[in-house]
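Chemist: Sharing entry.tsv (TSV, C-alpha atoms) below.
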chain	number	residue	atom	x	y	z
P	12	MET	CA	0.00	0.00	0.00
P	13	LYS	CA	1.25	3.48	-0.88
P	14	VAL	CA	0.12	6.61	0.94
P	15	VAL	CA	1.08	10.14	-0.09
P	16	ILE	CA	0.86	12.74	2.66
P	17	ALA	CA	0.51	16.39	1.59
P	18	VAL	CA	-0.71	18.46	4.54
P	19	ASP	CA	-0.63	22.25	4.78
P	20	SER	CA	0.73	23.75	7.99
P	21	LEU	CA	-1.42	24.09	11.07
P	22	LYS	CA	-0.45	27.74	11.43
P	23	GLY	CA	0.85	28.68	14.85
P	24	SER	CA	1.29	25.02	15.69
P	25	LEU	CA	2.78	22.49	13.24
P	26	SER	CA	4.66	23.11	10.01
P	27	SER	CA	3.65	21.19	6.90
P	28	ILE	CA	6.42	18.66	7.43
P	29	GLU	CA	5.76	18.30	11.17
P	30	ALA	CA	2.07	17.62	10.56
P	31	ALA	CA	2.94	15.11	7.84
P	32	GLN	CA	5.42	13.29	10.06
P	33	ALA	CA	2.75	12.94	12.74
P	34	ALA	CA	0.30	11.56	10.18
P	35	LYS	CA	2.93	9.10	8.95
P	36	GLU	CA	3.44	7.86	12.49
P	37	GLY	CA	-0.27	7.07	12.76
P	38	ILE	CA	-0.34	5.22	9.44
P	39	LEU	CA	2.67	3.06	10.25
P	40	LYS	CA	1.08	1.91	13.51
P	41	VAL	CA	-1.62	0.28	11.39
P	42	TYR	CA	0.34	-0.60	8.24
P	43	PRO	CA	4.01	-0.99	9.25
P	44	ALA	CA	5.00	-2.08	5.74
P	45	ALA	CA	3.24	0.76	3.94
P	46	GLU	CA	5.17	3.00	1.58
P	47	VAL	CA	4.55	6.51	2.93
P	48	VAL	CA	5.69	9.51	0.89
P	49	ILE	CA	5.68	13.00	2.40
P	50	LYS	CA	5.28	16.06	0.21
P	51	PRO	CA	5.16	19.60	1.65
P	52	LEU	CA	2.04	21.62	0.99
P	53	ALA	CA	1.38	25.37	1.13
P	54	ASP	CA	-0.97	27.84	-0.51
P	55	GLY	CA	1.63	30.41	-1.57
P	56	GLY	CA	1.24	32.57	1.53
P	57	GLU	CA	2.81	32.37	4.94
P	58	GLY	CA	4.67	29.10	5.35
P	59	THR	CA	5.51	28.62	1.65
P	60	THR	CA	9.24	29.10	2.16
P	61	GLU	CA	9.30	26.81	5.17
P	62	ALA	CA	7.35	24.07	3.39
P	63	LEU	CA	9.49	24.06	0.26
P	64	VAL	CA	12.85	24.39	2.01
P	65	GLU	CA	12.11	21.65	4.56
P	66	GLY	CA	10.37	19.42	2.06
P	67	LEU	CA	12.98	19.66	-0.70
P	68	GLY	CA	16.12	19.80	1.42
P	69	GLY	CA	16.95	23.45	0.79
P	70	THR	CA	18.59	26.03	3.01
P	71	PHE	CA	17.36	29.16	4.78
P	72	VAL	CA	19.06	32.52	4.35
P	73	ASN	CA	18.62	35.38	6.82
P	74	ILE	CA	19.47	38.93	5.84
P	75	GLU	CA	18.80	42.43	7.11
P	76	ALA	CA	16.53	44.22	4.67
P	77	ALA	CA	14.60	47.46	4.58
P	78	GLY	CA	11.28	47.18	6.41
P	79	PRO	CA	8.01	48.55	5.01
P	80	MET	CA	8.36	51.81	6.95
P	81	GLY	CA	12.15	52.10	6.77
P	82	GLY	CA	14.58	50.74	9.30
P	83	LEU	CA	15.83	47.18	9.08
P	84	VAL	CA	14.05	43.87	9.58
P	85	ASN	CA	15.35	40.33	9.69
P	86	ALA	CA	14.05	38.77	6.48
P	87	ARG	CA	14.31	35.05	5.75
P	88	TYR	CA	14.09	33.36	2.38
P	89	GLY	CA	14.96	29.94	1.05
P	90	ILE	CA	17.25	28.47	-1.59
P	91	LEU	CA	16.22	25.14	-3.09
P	92	PRO	CA	18.56	22.50	-4.50
P	93	ASP	CA	18.44	21.85	-8.22
P	94	GLN	CA	15.43	19.67	-9.05
P	95	SER	CA	14.50	18.20	-12.41
P	96	HIS	CA	10.94	19.49	-12.07
P	97	LEU	CA	12.24	22.94	-11.12
P	98	ASN	CA	14.11	23.51	-14.39
P	99	SER	CA	17.36	21.59	-13.99
P	100	GLY	CA	20.49	23.67	-13.62
P	101	GLN	CA	18.82	26.76	-12.15
P	102	LYS	CA	19.16	27.53	-8.47
P	103	THR	CA	15.78	28.59	-7.08
P	104	ALA	CA	15.01	31.17	-4.38
P	105	VAL	CA	11.69	31.14	-2.50
P	106	ILE	CA	10.72	34.56	-1.17
P	107	GLU	CA	7.71	35.71	0.82
P	108	MET	CA	7.31	39.44	0.31
P	109	ALA	CA	5.66	39.72	3.73
P	110	GLN	CA	9.07	39.03	5.29
P	111	ALA	CA	10.18	42.56	4.33
P	112	ALA	CA	6.99	44.42	3.43
P	113	GLY	CA	4.26	42.62	5.34
P	114	ILE	CA	1.41	44.31	7.12
P	115	THR	CA	2.17	42.38	10.31
P	116	LEU	CA	5.50	44.23	10.53
P	117	ILE	CA	3.67	47.49	11.27
P	118	GLU	CA	1.62	48.30	14.34
P	119	ARG	CA	-2.02	48.83	13.39
P	120	GLY	CA	-2.04	52.50	14.35
P	121	CYS	CA	1.12	53.19	12.34
P	122	LEU	CA	-0.04	52.13	8.87
P	123	ASN	CA	0.86	54.73	6.24
P	124	PRO	CA	0.13	53.83	2.61
P	125	TRP	CA	1.90	57.00	1.42
P	126	LYS	CA	5.24	55.83	2.82
P	127	ALA	CA	5.13	52.00	3.03
P	128	SER	CA	7.60	50.51	0.55
P	129	THR	CA	8.61	47.16	-0.99
P	130	THR	CA	12.31	48.08	-1.07
P	131	GLY	CA	13.27	45.19	1.20
P	132	VAL	CA	11.69	42.65	-1.14
P	133	GLY	CA	13.94	43.89	-3.94
P	134	GLU	CA	16.91	43.59	-1.60
P	135	MET	CA	16.01	39.95	-0.92
P	136	ILE	CA	15.94	39.27	-4.68
P	137	LEU	CA	19.31	40.97	-5.12
P	138	ASP	CA	20.83	38.94	-2.30
P	139	ALA	CA	19.57	35.70	-3.84
P	140	LEU	CA	20.84	36.80	-7.26
P	141	GLY	CA	24.26	37.31	-5.70
P	142	ARG	CA	24.13	33.74	-4.40
P	143	GLY	CA	23.59	32.37	-7.88
P	144	CYS	CA	19.79	32.11	-7.98
P	145	HIS	CA	18.23	32.68	-11.39
P	146	ARG	CA	14.78	31.29	-10.72
P	147	PHE	CA	12.44	32.84	-8.19
P	148	ILE	CA	9.21	31.76	-6.54
P	149	ILE	CA	7.73	34.84	-4.88
P	150	ALA	CA	4.67	34.79	-2.62
P	151	ILE	CA	3.15	38.27	-2.63
P	152	GLY	CA	0.35	37.97	-0.06
P	153	GLY	CA	0.06	40.00	3.14
P	154	SER	CA	1.55	43.28	1.97
P	155	ALA	CA	1.45	46.61	3.80
P	156	THR	CA	2.10	48.58	0.61
P	157	THR	CA	0.21	50.37	-2.12
P	158	GLU	CA	3.16	51.93	-4.01
P	159	GLY	CA	2.94	49.82	-7.14
P	160	GLY	CA	6.19	48.02	-6.38
P	161	ILE	CA	8.51	50.96	-7.07
P	162	GLY	CA	10.48	50.17	-3.93
P	163	LEU	CA	11.28	46.69	-5.22
P	164	LEU	CA	12.11	48.13	-8.63
P	165	GLN	CA	14.46	50.79	-7.25
P	166	ALA	CA	16.28	48.18	-5.18
P	167	LEU	CA	16.82	46.22	-8.39
P	168	GLY	CA	18.34	49.22	-10.18
P	169	PHE	CA	15.40	50.97	-11.83
P	170	ALA	CA	15.15	54.70	-11.18
P	171	PHE	CA	12.19	57.09	-11.26
P	172	PHE	CA	12.60	60.84	-11.85
P	173	ASP	CA	10.33	63.87	-11.70
P	174	ALA	CA	10.03	66.61	-14.33
P	175	SER	CA	13.15	68.39	-13.03
P	176	GLY	CA	15.24	65.23	-13.21
P	177	ALA	CA	15.32	64.66	-9.45
P	178	LEU	CA	15.37	61.06	-8.24
P	179	LEU	CA	12.12	60.16	-6.51
P	180	PRO	CA	11.99	58.19	-3.25
P	181	PRO	CA	10.44	54.67	-3.38
P	182	GLU	CA	7.02	55.50	-1.92
P	183	PHE	CA	3.45	56.08	-3.04
P	184	ALA	CA	3.81	59.85	-2.74
P	185	SER	CA	6.18	59.70	-5.73
P	186	LEU	CA	3.84	58.01	-8.21
P	187	HIS	CA	2.06	61.09	-9.55
P	188	LYS	CA	5.41	62.87	-10.08
P	189	ILE	CA	7.04	60.25	-12.30
P	190	GLU	CA	8.08	61.62	-15.69
P	191	LYS	CA	11.18	59.59	-16.57
P	192	ILE	CA	12.25	56.02	-15.86
P	193	SER	CA	15.70	54.43	-16.22
P	194	SER	CA	16.95	50.84	-16.06
P	195	ARG	CA	20.62	51.74	-16.43
P	196	HIS	CA	21.66	50.28	-13.08
P	197	VAL	CA	19.77	46.98	-13.33
P	198	PRO	CA	22.30	44.12	-13.12
P	199	ASP	CA	22.68	42.17	-16.35
P	200	GLU	CA	22.05	38.89	-14.52
P	201	LEU	CA	18.49	39.94	-13.72
P	202	TRP	CA	17.46	39.75	-17.36
P	203	GLU	CA	18.43	36.07	-17.38
P	204	CYS	CA	16.10	35.22	-14.47
P	205	CYS	CA	12.56	33.86	-14.44
P	206	PHE	CA	9.89	34.57	-11.86
P	207	GLN	CA	6.91	32.53	-10.71
P	208	ILE	CA	4.58	34.71	-8.66
P	209	ALA	CA	2.19	33.12	-6.20
P	210	CYS	CA	-0.92	35.23	-6.71
P	211	ASP	CA	-4.48	34.18	-5.93
P	212	VAL	CA	-6.30	37.41	-6.77
P	213	THR	CA	-7.29	38.71	-10.20
P	214	ASN	CA	-7.74	42.41	-9.47
P	215	PRO	CA	-6.40	44.97	-11.96
P	216	LEU	CA	-4.10	47.78	-10.86
P	217	CYS	CA	-6.53	50.68	-11.25
P	218	GLY	CA	-10.20	51.48	-10.84
P	219	LYS	CA	-12.90	50.41	-8.41
P	220	ASP	CA	-11.63	46.82	-8.45
P	221	GLY	CA	-7.99	47.86	-8.20
P	222	ALA	CA	-5.26	48.06	-5.59
P	223	VAL	CA	-6.36	51.33	-3.97
P	224	PHE	CA	-10.12	50.82	-3.72
P	225	VAL	CA	-10.18	47.13	-2.83
P	226	TYR	CA	-7.09	46.60	-0.69
P	227	GLY	CA	-6.13	50.15	0.27
P	228	PRO	CA	-8.49	50.51	3.27
P	229	GLN	CA	-6.87	47.62	5.16
P	230	LYS	CA	-3.50	49.32	4.65
P	231	GLY	CA	-4.59	52.70	5.94
P	232	VAL	CA	-6.06	54.40	2.86
P	233	LYS	CA	-8.85	56.76	3.90
P	234	PRO	CA	-12.08	56.98	1.87
P	235	GLU	CA	-11.42	60.60	0.93
P	236	GLU	CA	-7.95	59.65	-0.40
P	237	GLN	CA	-9.01	56.83	-2.70
P	238	GLU	CA	-9.81	58.81	-5.84
P	239	THR	CA	-6.61	60.87	-5.64
P	240	MET	CA	-4.48	57.80	-5.01
P	241	ASP	CA	-6.10	55.88	-7.84
P	242	GLN	CA	-5.31	58.74	-10.22
P	243	ALA	CA	-1.71	58.69	-9.03
P	244	ILE	CA	-1.36	54.98	-9.68
P	245	ARG	CA	-2.94	55.46	-13.13
P	246	HIS	CA	-0.25	58.03	-13.90
P	247	TYR	CA	2.42	55.55	-12.82
P	248	ALA	CA	0.87	52.91	-15.09
P	249	LEU	CA	0.86	55.34	-18.02
P	250	LYS	CA	4.53	56.24	-17.58
P	251	THR	CA	5.38	52.57	-17.17
P	252	ALA	CA	3.63	51.70	-20.44
P	253	GLU	CA	5.55	54.49	-22.20
P	254	PHE	CA	8.82	53.08	-20.85
P	255	THR	CA	8.22	49.35	-21.38
P	256	GLY	CA	5.94	49.44	-24.42
P	257	CYS	CA	3.44	47.18	-22.64
P	258	ASP	CA	0.41	48.01	-20.50
P	259	TYR	CA	-0.30	45.51	-17.72
P	260	SER	CA	-2.49	47.80	-15.64
P	261	MET	CA	-5.64	45.77	-16.35
P	262	ALA	CA	-3.97	42.38	-16.33
P	263	PRO	CA	-5.31	39.86	-13.79
P	264	GLY	CA	-3.25	40.11	-10.61
P	265	ALA	CA	-1.81	43.54	-11.40
P	266	GLY	CA	-3.48	44.95	-8.29
P	267	ALA	CA	-2.11	42.24	-5.99
P	268	ALA	CA	0.09	43.36	-3.08
P	269	GLY	CA	-0.62	47.04	-3.67
P	270	GLY	CA	0.41	46.87	-7.32
P	271	LEU	CA	3.48	44.69	-6.84
P	272	GLY	CA	1.91	42.26	-9.29
P	273	PHE	CA	1.86	45.07	-11.86
P	274	ALA	CA	5.49	46.01	-11.24
P	275	ILE	CA	6.74	42.45	-11.62
P	276	GLN	CA	4.72	41.81	-14.78
P	277	SER	CA	5.77	45.13	-16.32
P	278	TYR	CA	9.47	45.31	-15.49
P	279	LEU	CA	10.87	41.85	-14.78
P	280	PRO	CA	11.65	39.15	-17.37
P	281	HIS	CA	9.99	35.76	-17.85
P	282	VAL	CA	7.13	36.25	-15.37
P	283	GLU	CA	4.32	33.80	-14.67
P	284	LEU	CA	1.50	34.51	-12.20
P	285	LYS	CA	-0.12	31.34	-10.86
P	286	SER	CA	-2.11	30.08	-7.93
P	287	GLY	CA	0.18	29.76	-4.95
P	288	ALA	CA	-1.02	26.24	-4.23
P	289	GLN	CA	-0.44	25.22	-7.84
P	290	ILE	CA	3.13	26.55	-7.77
P	291	VAL	CA	3.89	24.53	-4.66
P	292	LEU	CA	2.28	21.35	-6.03
P	293	GLU	CA	4.39	21.60	-9.17
P	294	ALA	CA	7.56	22.52	-7.27
P	295	VAL	CA	7.40	19.42	-5.06
P	296	GLY	CA	6.45	17.11	-7.93
P	297	LEU	CA	3.34	15.82	-6.20
P	298	GLU	CA	1.65	14.40	-9.30
P	299	LYS	CA	4.49	11.98	-10.00
P	300	ASP	CA	3.95	10.26	-6.64
P	301	LEU	CA	0.17	10.22	-6.98
P	302	ALA	CA	0.26	8.09	-10.11
P	303	ASP	CA	0.61	4.83	-8.17
P	304	ALA	CA	-0.75	5.88	-4.76
P	305	ASP	CA	-3.68	4.21	-3.01
P	306	TYR	CA	-4.46	6.88	-0.42
P	307	VAL	CA	-3.75	10.57	-0.02
P	308	VAL	CA	-3.74	12.34	3.33
P	309	THR	CA	-4.15	16.11	3.27
P	310	GLY	CA	-5.46	18.87	5.54
P	311	GLU	CA	-4.78	22.22	7.18
P	312	GLY	CA	-5.44	24.17	10.36
P	313	CYS	CA	-9.09	24.91	9.61
P	314	LEU	CA	-11.12	23.12	6.96
P	315	ASP	CA	-13.98	25.35	5.81
P	316	ALA	CA	-15.87	26.63	2.77
P	317	GLN	CA	-12.82	28.60	1.63
P	318	THR	CA	-10.84	25.37	1.46
P	319	ALA	CA	-13.25	24.15	-1.20
P	320	MET	CA	-12.60	27.28	-3.27
P	321	GLY	CA	-9.16	26.11	-4.35
P	322	LYS	CA	-6.94	26.15	-1.30
P	323	ALA	CA	-3.99	23.77	-1.14
P	324	PRO	CA	-5.72	20.66	0.32
P	325	VAL	CA	-8.43	20.71	-2.35
P	326	ARG	CA	-5.86	21.32	-5.10
P	327	ALA	CA	-4.01	18.24	-3.90
P	328	ALA	CA	-7.25	16.26	-3.69
P	329	GLN	CA	-8.32	17.19	-7.21
P	330	LEU	CA	-4.95	16.11	-8.54
P	331	ALA	CA	-5.21	12.82	-6.62
P	332	LYS	CA	-8.58	12.08	-8.17
P	333	LYS	CA	-6.95	11.97	-11.61
P	334	TYR	CA	-5.40	8.71	-10.42
P	335	GLY	CA	-8.32	7.29	-8.47
P	336	CYS	CA	-6.82	7.82	-5.02
P	337	THR	CA	-8.95	7.87	-1.89
P	338	VAL	CA	-8.43	11.25	-0.18
P	339	LEU	CA	-8.72	11.83	3.58
P	340	ALA	CA	-8.32	15.24	5.18
P	341	PHE	CA	-7.45	16.09	8.79
P	342	ALA	CA	-7.74	19.54	10.31
P	343	GLY	CA	-7.35	21.32	13.61
P	344	SER	CA	-10.95	22.46	13.27
P	345	VAL	CA	-13.81	21.88	10.85
P	346	THR	CA	-16.68	24.27	10.08
P	347	ASP	CA	-20.13	23.58	8.62
P	348	GLY	CA	-18.97	24.89	5.24
P	349	ALA	CA	-16.33	22.18	5.02
P	350	CYS	CA	-18.92	19.80	3.58
P	351	ARG	CA	-18.29	21.51	0.22
P	352	CYS	CA	-14.88	19.83	0.19
P	353	ASN	CA	-16.56	16.46	-0.38
P	354	SER	CA	-17.60	17.51	-3.87
P	355	GLU	CA	-14.10	18.84	-4.59
P	356	GLY	CA	-12.14	15.62	-4.20
P	357	ILE	CA	-11.92	15.04	-0.44
P	358	ASP	CA	-13.71	11.76	0.31
P	359	ALA	CA	-13.89	12.30	4.07
P	360	PHE	CA	-12.51	14.79	6.58
P	361	PHE	CA	-11.92	14.67	10.31
P	362	PRO	CA	-11.19	17.20	13.08
P	363	ILE	CA	-8.22	16.03	15.10
P	364	VAL	CA	-9.03	17.64	18.47
P	365	ARG	CA	-9.72	14.99	21.08
P	366	GLY	CA	-11.76	16.11	24.07
P	367	VAL	CA	-12.65	19.53	25.42
P	368	MET	CA	-9.73	21.97	25.38
P	369	SER	CA	-8.99	25.62	24.74
P	370	LEU	CA	-7.65	26.86	21.40
P	371	GLU	CA	-4.31	27.56	23.09
P	372	GLN	CA	-4.12	23.98	24.36
P	373	ALA	CA	-5.09	22.54	20.98
P	374	MET	CA	-2.34	24.57	19.28
P	375	GLU	CA	0.44	23.41	21.59
P	376	VAL	CA	2.94	21.64	19.38
P	377	GLU	CA	3.04	18.34	21.24
P	378	THR	CA	-0.74	18.26	21.65
P	379	ALA	CA	-1.34	18.96	17.96
P	380	ARG	CA	1.26	16.38	16.93
P	381	LYS	CA	-0.31	13.73	19.14
P	382	ASN	CA	-3.84	14.58	17.99
P	383	MET	CA	-2.82	14.33	14.34
P	384	SER	CA	-1.09	10.99	14.81
P	385	LEU	CA	-3.91	9.39	16.78
P	386	SER	CA	-6.66	10.64	14.46
P	387	VAL	CA	-4.90	9.37	11.34
P	388	GLU	CA	-4.23	6.05	13.06
P	389	GLN	CA	-7.92	5.54	13.82
P	390	ALA	CA	-9.00	6.42	10.29
P	391	PHE	CA	-6.58	3.88	8.85
P	392	ARG	CA	-7.71	1.23	11.33
P	393	LEU	CA	-11.16	1.63	9.80
P	394	LEU	CA	-9.70	1.32	6.30
P	395	ARG	CA	-8.01	-1.94	7.32
P	396	THR	CA	-11.41	-3.49	8.00
P	397	LYS	CA	-12.57	-2.93	4.43
Could you render the structure as structure tokens?
Modeler:
Amino acid sequence: MKVVIAVDSLKGSLSSIEAAQAAKEGILKVYPAAEVVIKPLADGGEGTTEALVEGLGGTFVNIEAAGPMGGLVNARYGILPDQSHLNSGQKTAVIEMAQAAGITLIERGCLNPWKASTTGVGEMILDALGRGCHRFIIAIGGSATTEGGIGLLQALGFAFFDASGALLPPEFASLHKIEKISSRHVPDELWECCFQIACDVTNPLCGKDGAVFVYGPQKGVKPEEQETMDQAIRHYALKTAEFTGCDYSMAPGAGAAGGLGFAIQSYLPHVELKSGAQIVLEAVGLEKDLADADYVVTGEGCLDAQTAMGKAPVRAAQLAKKYGCTVLAFAGSVTDGACRCNSEGIDAFFPIVRGVMSLEQAMEVETARKNMSLSVEQAFRLLRTK
């Protein structure tokens, strides 16, 4: 019997690999001779770097980078070993933009969309480039910024000037002043790179469905500022189109991460925006192991209606169904809406909490590990009776 385990992290408790190891322990208590394959799982947001680095035997890199409001933050990214399914011969960096420009890095009362910048994300890319990385997986969720990615671009060597020729600072307040753009200081190696962007939103850059109107309020944009800021970001898009010869302002995902999706599509080479979960599934080569699997174990911290809308466990389940696998899901908690997962490839799901306990108790690492192992064990004991 072959079982493939692809479990997302139980955030705040177990990493993807830790949860999978606990599930494996439960399976082997019932089927000691089973072939159990562990594949990391993530949805392209928080935990993506950890899942891929731990699951594929990569390394973590810690650097000091510019934070969203200036100053320095400790930013961590990952470097993966060469893998055949990751374009052989190219060293791959996995970067979460939230490490250097995330909203959680700023106290709620200190949010300032006019000043917040993605400069540190560009610095992370440059550092990885200097370590020989030419392929990048970048998760762009959780941003604190609305500056269209000019901070990232300036860190990479692009420059933005006003009508007098003065260099503009990398912040939103500069967007409406841009009249000239230069790429003279972009390192030659950057043009040889390729970028996969984990992006699960389809918003354009501008307009009522764009970066300012939809995502701006959670980053500190006031209602009376929205129209002015949207006009500024339209001006930036116009000047960008004049410089690059391409207009990505209405492209799906351009409005992601305060316009970072637009900046990457417009200025960087060989860019592909994809579902974060899909990027991870392809990176770990999950489908290859599903081809001859009997069972698949998946799950996450909370299984709910949103899971059924394409989150990582359902993506894994749908892929498993191509090969006729039975799919079981285990979660820290399960809501009423989770029943939708049954029509999306998950044959049965189970909450792992055993007995009455507080959320804090349930999230204790040893408790969660034990709960996962015991719950999976019992499910497979039932399968053994078939």
Chemist: Using all atoms listed in the file, pick whichever of P:Gly335, P:Gly159, P:Gly37, P:Gly68 has the shortest atom-to-atom distance to Lys381 in chain P.
Modeler: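 Distance minimum relative to Lys381 in chain P lands on P:Gly37.
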Chemist: Select all residues near (-0.6, 47.8, 12.4) (cut-off 12 Å, inclusive, file coordinates), counting all atoms listed in the file, and output them as a count of residues only.
Modeler: 20
Chemist: Could you check which of P:Gly356, P:Gly270, P:Gly310, P:Pro362 is closest to Lys332 in chain P, using all atoms listed in the file?
Modeler: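 Of P:Gly356, P:Gly270, P:Gly310, P:Pro362, the one nearest Lys332 in chain P is P:Gly356, counting all atoms listed in the file.
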Chemist: In Å, rounded to a single decimal, give me how far CA of Gly312 in chain P is from CA of Gly343 in chain P.
Modeler: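 So the answer is 4.7 Å.
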Chemist: Kindly provide, as number ranges by chain, the polymer residues lying within 8 Å of (3.8, 4.1, 2.2), counting all atoms listed in the file and using the coordinates exactly as they appear in the file.
Modeler: P: 12-15, 44-48
Chemist: Could you tell me which of P:Ala316, P:Cys144, P:Ile49, P:Leu284 comes closest to Val105 in chain P if we count all atoms listed in the file?
Modeler: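 Checking each candidate against Val105 in chain P, we get P:Cys144 as the closest.
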Chemist: Between CA of Ala34 in chain P and CA of Pro92 in chain P, what distance in Å does the model show, to one decimal?
Modeler: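 Atom-to-atom, CA of Ala34 in chain P to CA of Pro92 in chain P, that is 25.9 Å.
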Chemist: So what do you get for CA of Phe273 in chain P versus CA of Gly160 in chain P, distance-wise?
Modeler: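 Calculated distance between CA of Phe273 in chain P and CA of Gly160 in chain P is 7.6 Å.
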Chemist: Near Val325 in chain P, counting all atoms listed in the file, which residues have an atom at most 9 Å away, once you skip same-chain residues fewer than 3 positions from it, shown as a list in words?
Modeler: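 So, after excluding close chain neighbours, the residues are Thr309, Gly310, Thr318, Ala319, Met320, Gly321, Lys322, Ala328, Gln329, Leu330, Cys352, Glu355, Gly356 and Ile357 of chain P.
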Chemist: Let me make sure I understand: among P:Gly176, P:Glu200, P:Gln317, P:Gly264, which one has the smallest atom-to-atom distance to Asn214 in chain P if we use all atoms listed in the file?
Modeler: P:Gly264
Chemist: So which residues touch range 17-28 of chain P within 8 Å, counting only C-alpha atoms, skipping near sequence neighbours fewer than 5 positions away, as a ChimeraX atom specification?
Modeler: /P:49-54,58,61-62,65-66,307-313,323-324,327,342-343,374-376,379-380
Chemist: Restricting the calculation to all atoms listed in the file, which member of P:Ile136, P:Val338, P:Ala112, P:Leu297 is positioned closest to Phe361 in chain P?
Modeler: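 Using all atoms listed in the file, the shortest distance to Phe361 in chain P belongs to P:Val338.
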